[in-house]
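Enquirer: The structure is given below, and queries will be raised subsequently.
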2 protein chains.
Amino acid sequence: MTELLPNYVAGRWQSGSGAGTPLFDPVLGTELVRVDATGLDLPAAFAFAREQGGNAMRALTYRQRAGLLGAIVKVLQANRDAYYEIATANSGTVKNDSAVDIDGAIFTLGQYAKWGDGLGDVRALRDGDAVKLGKEPVFQSQHLQLPTQGVALFINAFNFPSWGLWEKAAPALLSGVPVIVKPATATAWLTQRMVKDVVAAGVLPAGALSVVCGSSAGLMDALQPFDVVSFTGSAETAAVIRSHPAVAERSVRVNIEADSLNSALLMPGAAPGSDAFNLLVREVVREMTVKSGQKCTAIRRILVPAEVYDAAAEAIGAKLKGVTVGNPRNENVRMGSLVSRAQLDAVNDGLEALSAQTTVLYDGRSTPLIDADPAVAACIGPVLLGARDADAAERVHDVEVFGPVATLLPYRDLAHGIALAHRGQGSLVTSLYGSDDAALALAALALAPSHGRVHVVTPEVAQAHTGHGNVMPMSLHGGPGRAGGGAELGGLRALDFYHRRSAVQASPGVLAQLGL
Amino acid sequence: MTELLPNYVAGRWQSGSGAGTPLFDPVLGTELVRVDATGLDLPAAFAFAREQGGNAMRALTYRQRAGLLGAIVKVLQANRDAYYEIATANSGTVKNDSAVDIDGAIFTLGQYAKWGDGLGDVRALRDGDAVKLGKEPVFQSQHLQLPTQGVALFINAFNFPSWGLWEKAAPALLSGVPVIVKPATATAWLTQRMVKDVVAAGVLPAGALSVVCGSSAGLMDALQPFDVVSFTGSAETAAVIRSHPAVAERSVRVNIEADSLNSALLMPGAAPGSDAFNLLVREVVREMTVKSGQKCTAIRRILVPAEVYDAAAEAIGAKLKGVTVGNPRNENVRMGSLVSRAQLDAVNDGLEALSAQTTVLYDGRSTPLIDADPAVAACIGPVLLGARDADAAERVHDVEVFGPVATLLPYRDLAHGIALAHRGQGSLVTSLYGSDDAALALAALALAPSHGRVHVVTPEVAQAHTGHGNVMPMSLHGGPGRAGGGAELGGLRALDFYHRRSAVQASPGVLAQLGL
């Protein structure tokens, strides 16, 4: 029997009383560890976090809490090698892909530590200036932001066991709000290990950080009005969370990041071989293959002028041909596996769903795997699909295939291209490739209302741009509509979710005593 | 048969095909008009607003839209007398109470017209400064706020048919988002008349403002991902709205303002007859009687040091004795009726629910009505309840009696008083009465996380303070938890709900072309 990972709640390590759900190596098929949350007293665990954790965290200033984030960075850096080993074993990712998850988390924590330090030694934030409520300034309104007096529950996705925890925990902890994380079972190990290391280092007050591995049963029931919940995952589960009495009846604040049919758009007039064309091709291949396409922000739809459709198909296909797939432990492998056989099945189902409305422009599925048994490993080569009638191919705009798959779509003119991007019904990100600054700015303004982020690649930023799918902590991460309507990161904007705004109406004398 | 009020949707007046629901004079019992929405093509109506209205509004700049708000102010001012007549007849309110609804709306519109003008001739808003995404400033992130490309549906409450429309419509229209209002049936007339006057004046583009009177059936079904819905009313209906597929599955953004057990707290040490004591008494009586206590922000729980409980009961009761109740057309009447007999029944039910845990400290129910038949009119005199064991009287912290009713509660020390205020589980507003600026500021900080607004009354603002229950457009209106978690007003903060945030990542050259 493999090790049963304990949960950390109510200030102590507690093992579930059930047999446990096994976690596997998706390349070798071997069982790694087991997780279980059966029998935990969740209401007590949440109350402990809310009271012990919350009181201790709120007693600190923003600067002090920023210091805690810095201390977490040190703990994670000290144990970084172990995290890479777990990622290789449990996520099947090559080193560069593991880095997106692990080093991306450390970078994000470090940014919030820096920004938080700038907030100073206060325990509430001034929100704008005081404004007078009458003709004379004798009675004024001062808005404040104060840490919510509850817990932050994170129900996370399998693709980012590290970054998915810390990109949410950094602003939550900086806000003085205790965190309870429920990682996706398939890759819960890395999340659990990181929490274990941080707990062992004694960095945080008791109750500030908890981890529950296994089933999410009972977690939503434990939420109370001042708690918040942040979910990353499928639109179906999101709907269940939104309809739960905690949200529907108790006004628990909810943040959702769900499906997203992200797009990349090559601007009109970009000829094959031009800088813009080449930059699009490079970015599409990177997005399709990084983490085997298992990124919420990955490019799913490639929008190009109709006249370069064939050239784009050829150029992307040619580059995909060079992508080696297999065991991430082999240094010749560029792309590891999907996270599980279940996920491989889901990708194959998605390809099947799209097959009626698309043709296969490049098929990496027949390329032999390196150091991996196709009967066991959750590996799949990249697949480029195409649909010459982009309007009619409705499934392409609806079905998110969460793997190394994207669809090339031709557009007639820019208005058509933008309309196709909007067919995603709200996405996390779109990227534009061109060299006319004014035209790019207009297109960005047209796409921005339905995208949380618009990433513009011009030749002069060929080396400096941060990547279509890379989520930088400075920028908003989230998108409207199908993408869930959530908002994460965006610098200190992320703190809003963990704060309550209040307007204090009083004399200048009273307002002066607020100490802010 | 009374007049059947038509609905204004898809750019034209359309009558429902049903018999209609009658609206009554709550004092005289006479039928006034009827409303009905049967048979309207709501999907077409919403599509018209979304496309025609939205495109026309977004084509204007903020300054131009602010000009439209100014034009609406002029229309409303020109027809003000008619609104007062409708309010008297349909809401049963005395002139001063009608003013809160009617002139409050005009004031709020005027404020947004002024603030909007300051946003200038742009069509998107810069959200913070551009920040660099690497060591060099060659690639940067600029957050924008852009009008959401959908409609704003308002499902409103019966107590503010005028202000309830315009306090939401002002920021929506300023944001370029078309409005569809569904007023509460009991008092829909005033809302409908105001829309009629604004439509007749030709102030707004077609589709920018619609009104649906009668049943709300089908309204939520018509919502699409970029629409927003703002609801004011009961927690039960709020839960239905939050669980509707439009919200749960299509990520329609929702704003809720629901029940609220607001409190007023007299600070420790305030002796009977002191300025703070007298200011509390005056404000409690005002809050209990303005609009017959039918304000979401009204004081429901009065928290006083235990040693002044009897004195406070006596002082509040003595003032309530002077409140005359009856037909608002009689100039000797200070407090008119509730909005309907159904509401009168609800208030009596609420009083019954509280009776087991409270005693009656002042009972205005036996005082004869002026010019009104108690068998017909929805009138009720003010009732002050009390509970010497504030902790044990749990219903007092849970049951919102939406009428001229409040409960006096003694506290042991300030920590106990603050804990009792928090028993409301999230409220719109609390008010503090005292003269020690530092102590008041500390109490305000302790109460702010669970209150959208903290109103501090000190002797020097006795004349200048804007009132516990008055919602000023400069300050946030909304509260966490039981209050629904919503956010309205707060100056230009209100525009956030009607905008989508997006981060444009690009070279400084592209960002410079955004035209902001």
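Naming scheme: A, B, ... for chains in displayed order of the structure tokens; residues 1 onward per chain; ligands 1 onward as shown.
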Do me a favour and pick out the residues of chain B within 7 Å of chain A, using only C-alpha atoms, as a PyMOL selection string.
Expert: chain B and resi 138-139+141+146+148+225-226+235+239+242-243+248-252+437-438+440-442+448-449+451-457+461+464-465+475-476+481-482+484-485+500-507+509-511+513-514
Enquirer: Which neighbours of region 31-38 of chain A fall inside 6 Å, counting only C-alpha atoms, when residues of the same chain fewer than 5 positions from it are skipped, and could you give them as a list of chain:residue names?
Expert: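 The neighbour list is A:Thr2, A:Glu3, A:Leu4, A:Leu5, A:Gly16, A:Ser17, A:Gly18, A:Gly20, A:Thr21, A:Pro22, A:Leu23, A:Phe24, A:Cys213, A:Gly214.
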Enquirer: For Arg63 (chain B), which residue out of B:Ala353, B:Ala315, B:Val122, B:Val199 is the nearest one, using only C-alpha atoms?
Expert: B:Val122
Enquirer: Show me, as a list in words, the residues that have an atom within 10 Å of Met335 (chain B) when counting only C-alpha atoms, minus same-chain residues fewer than 2 positions from it.
Expert: Gly92, Thr93, Val94, Lys95, Asn96, Asp97, Thr289, Val290, Lys291, Ser292, Gly293, Val323, Thr324, Val325, Gly326, Asn327, Pro328, Asn332, Val333, Ser337, Leu338, Cys379, Ile380, Gly381, Pro382 and Pro404 of chain B
Enquirer: Need the shell around region 310-313 of chain B: protein/DNA/RNA residues with any atom at most 7 Å away, counting only C-alpha atoms. Skip same-chain ones fewer than 3 positions apart. Format as a list in words?
Expert: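 Using only C-alpha atoms, the neighbours found are Pro272, Ile316, Gly317 and Leu361 of chain B.
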Enquirer: Work out how far apart CA of Phe158 (chain A) and CA of Val181 (chain A) are and give it in Å to one decimal.
Expert: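 CA of Val181 (chain A) lies 12.6 Å from CA of Phe158 (chain A).
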Enquirer: Can you work out the spacing between CA of Asn348 (chain A) and CA of Gly403 (chain A) in Å, to one decimal?
Expert: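 Result for CA of Asn348 (chain A) versus CA of Gly403 (chain A): 9.2 Å, one decimal.
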Enquirer: Could you jot down the CA of Ala298 (chain B) to CA of Ile72 (chain B) separation for me, Å, one decimal place?
Expert: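 These atoms are spaced 28.6 Å apart.
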Enquirer: If you run DSSP on the backbone, which residues of region 331-460 of chain B are helix (DSSP H, G or I), as an MDAnalysis selection string?
Expert: chainID B and resid 341:355 364:366 394:397 414:422 437:450 459:460
Enquirer: With a distance cut-off of 8 Å and only C-alpha atoms, select the neighbouring residues of Leu303 (chain B), excluding the residue or stretch itself and same-chain residues fewer than 3 positions from it, and output the selection as a list in words.
Expert: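 Result of the neighbour search: Ser263, Ala264, Leu265, Leu266, Leu408, Leu409, Pro410, Tyr411, Gly417, Leu420 and Ala421 of chain B.
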Enquirer: Okay, now the selection with C-alpha atoms, as an mmCIF file, in the first residue's frame?
Expert:
```cif
data_model
loop_
_atom_site.group_PDB
_atom_site.id
_atom_site.type_symbol
_atom_site.label_atom_id
_atom_site.label_comp_id
_atom_site.auth_asym_id
_atom_site.auth_seq_id
_atom_site.Cartn_x
_atom_site.Cartn_y
_atom_site.Cartn_z
ATOM 1 C CA SER B 263 -28.381 48.877 14.145
ATOM 2 C CA ALA B 264 -27.764 52.128 15.975
ATOM 3 C CA LEU B 265 -25.305 52.093 18.865
ATOM 4 C CA LEU B 266 -25.055 54.630 21.647
ATOM 5 C CA LEU B 408 -34.214 48.433 22.073
ATOM 6 C CA LEU B 409 -31.394 46.207 23.365
ATOM 7 C CA PRO B 410 -29.039 46.807 26.303
ATOM 8 C CA TYR B 411 -25.340 45.926 26.172
ATOM 9 C CA GLY B 417 -22.502 46.038 21.846
ATOM 10 C CA LEU B 420 -24.642 42.346 19.064
ATOM 11 C CA ALA B 421 -24.370 44.550 15.968
#
```
Enquirer: Which one is closest to Leu68 (chain B): B:Ala169, B:Ala10, B:Val401, B:Leu489? Count only C-alpha atoms.
Expert: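 The answer is B:Ala169, which sits nearest to Leu68 (chain B).
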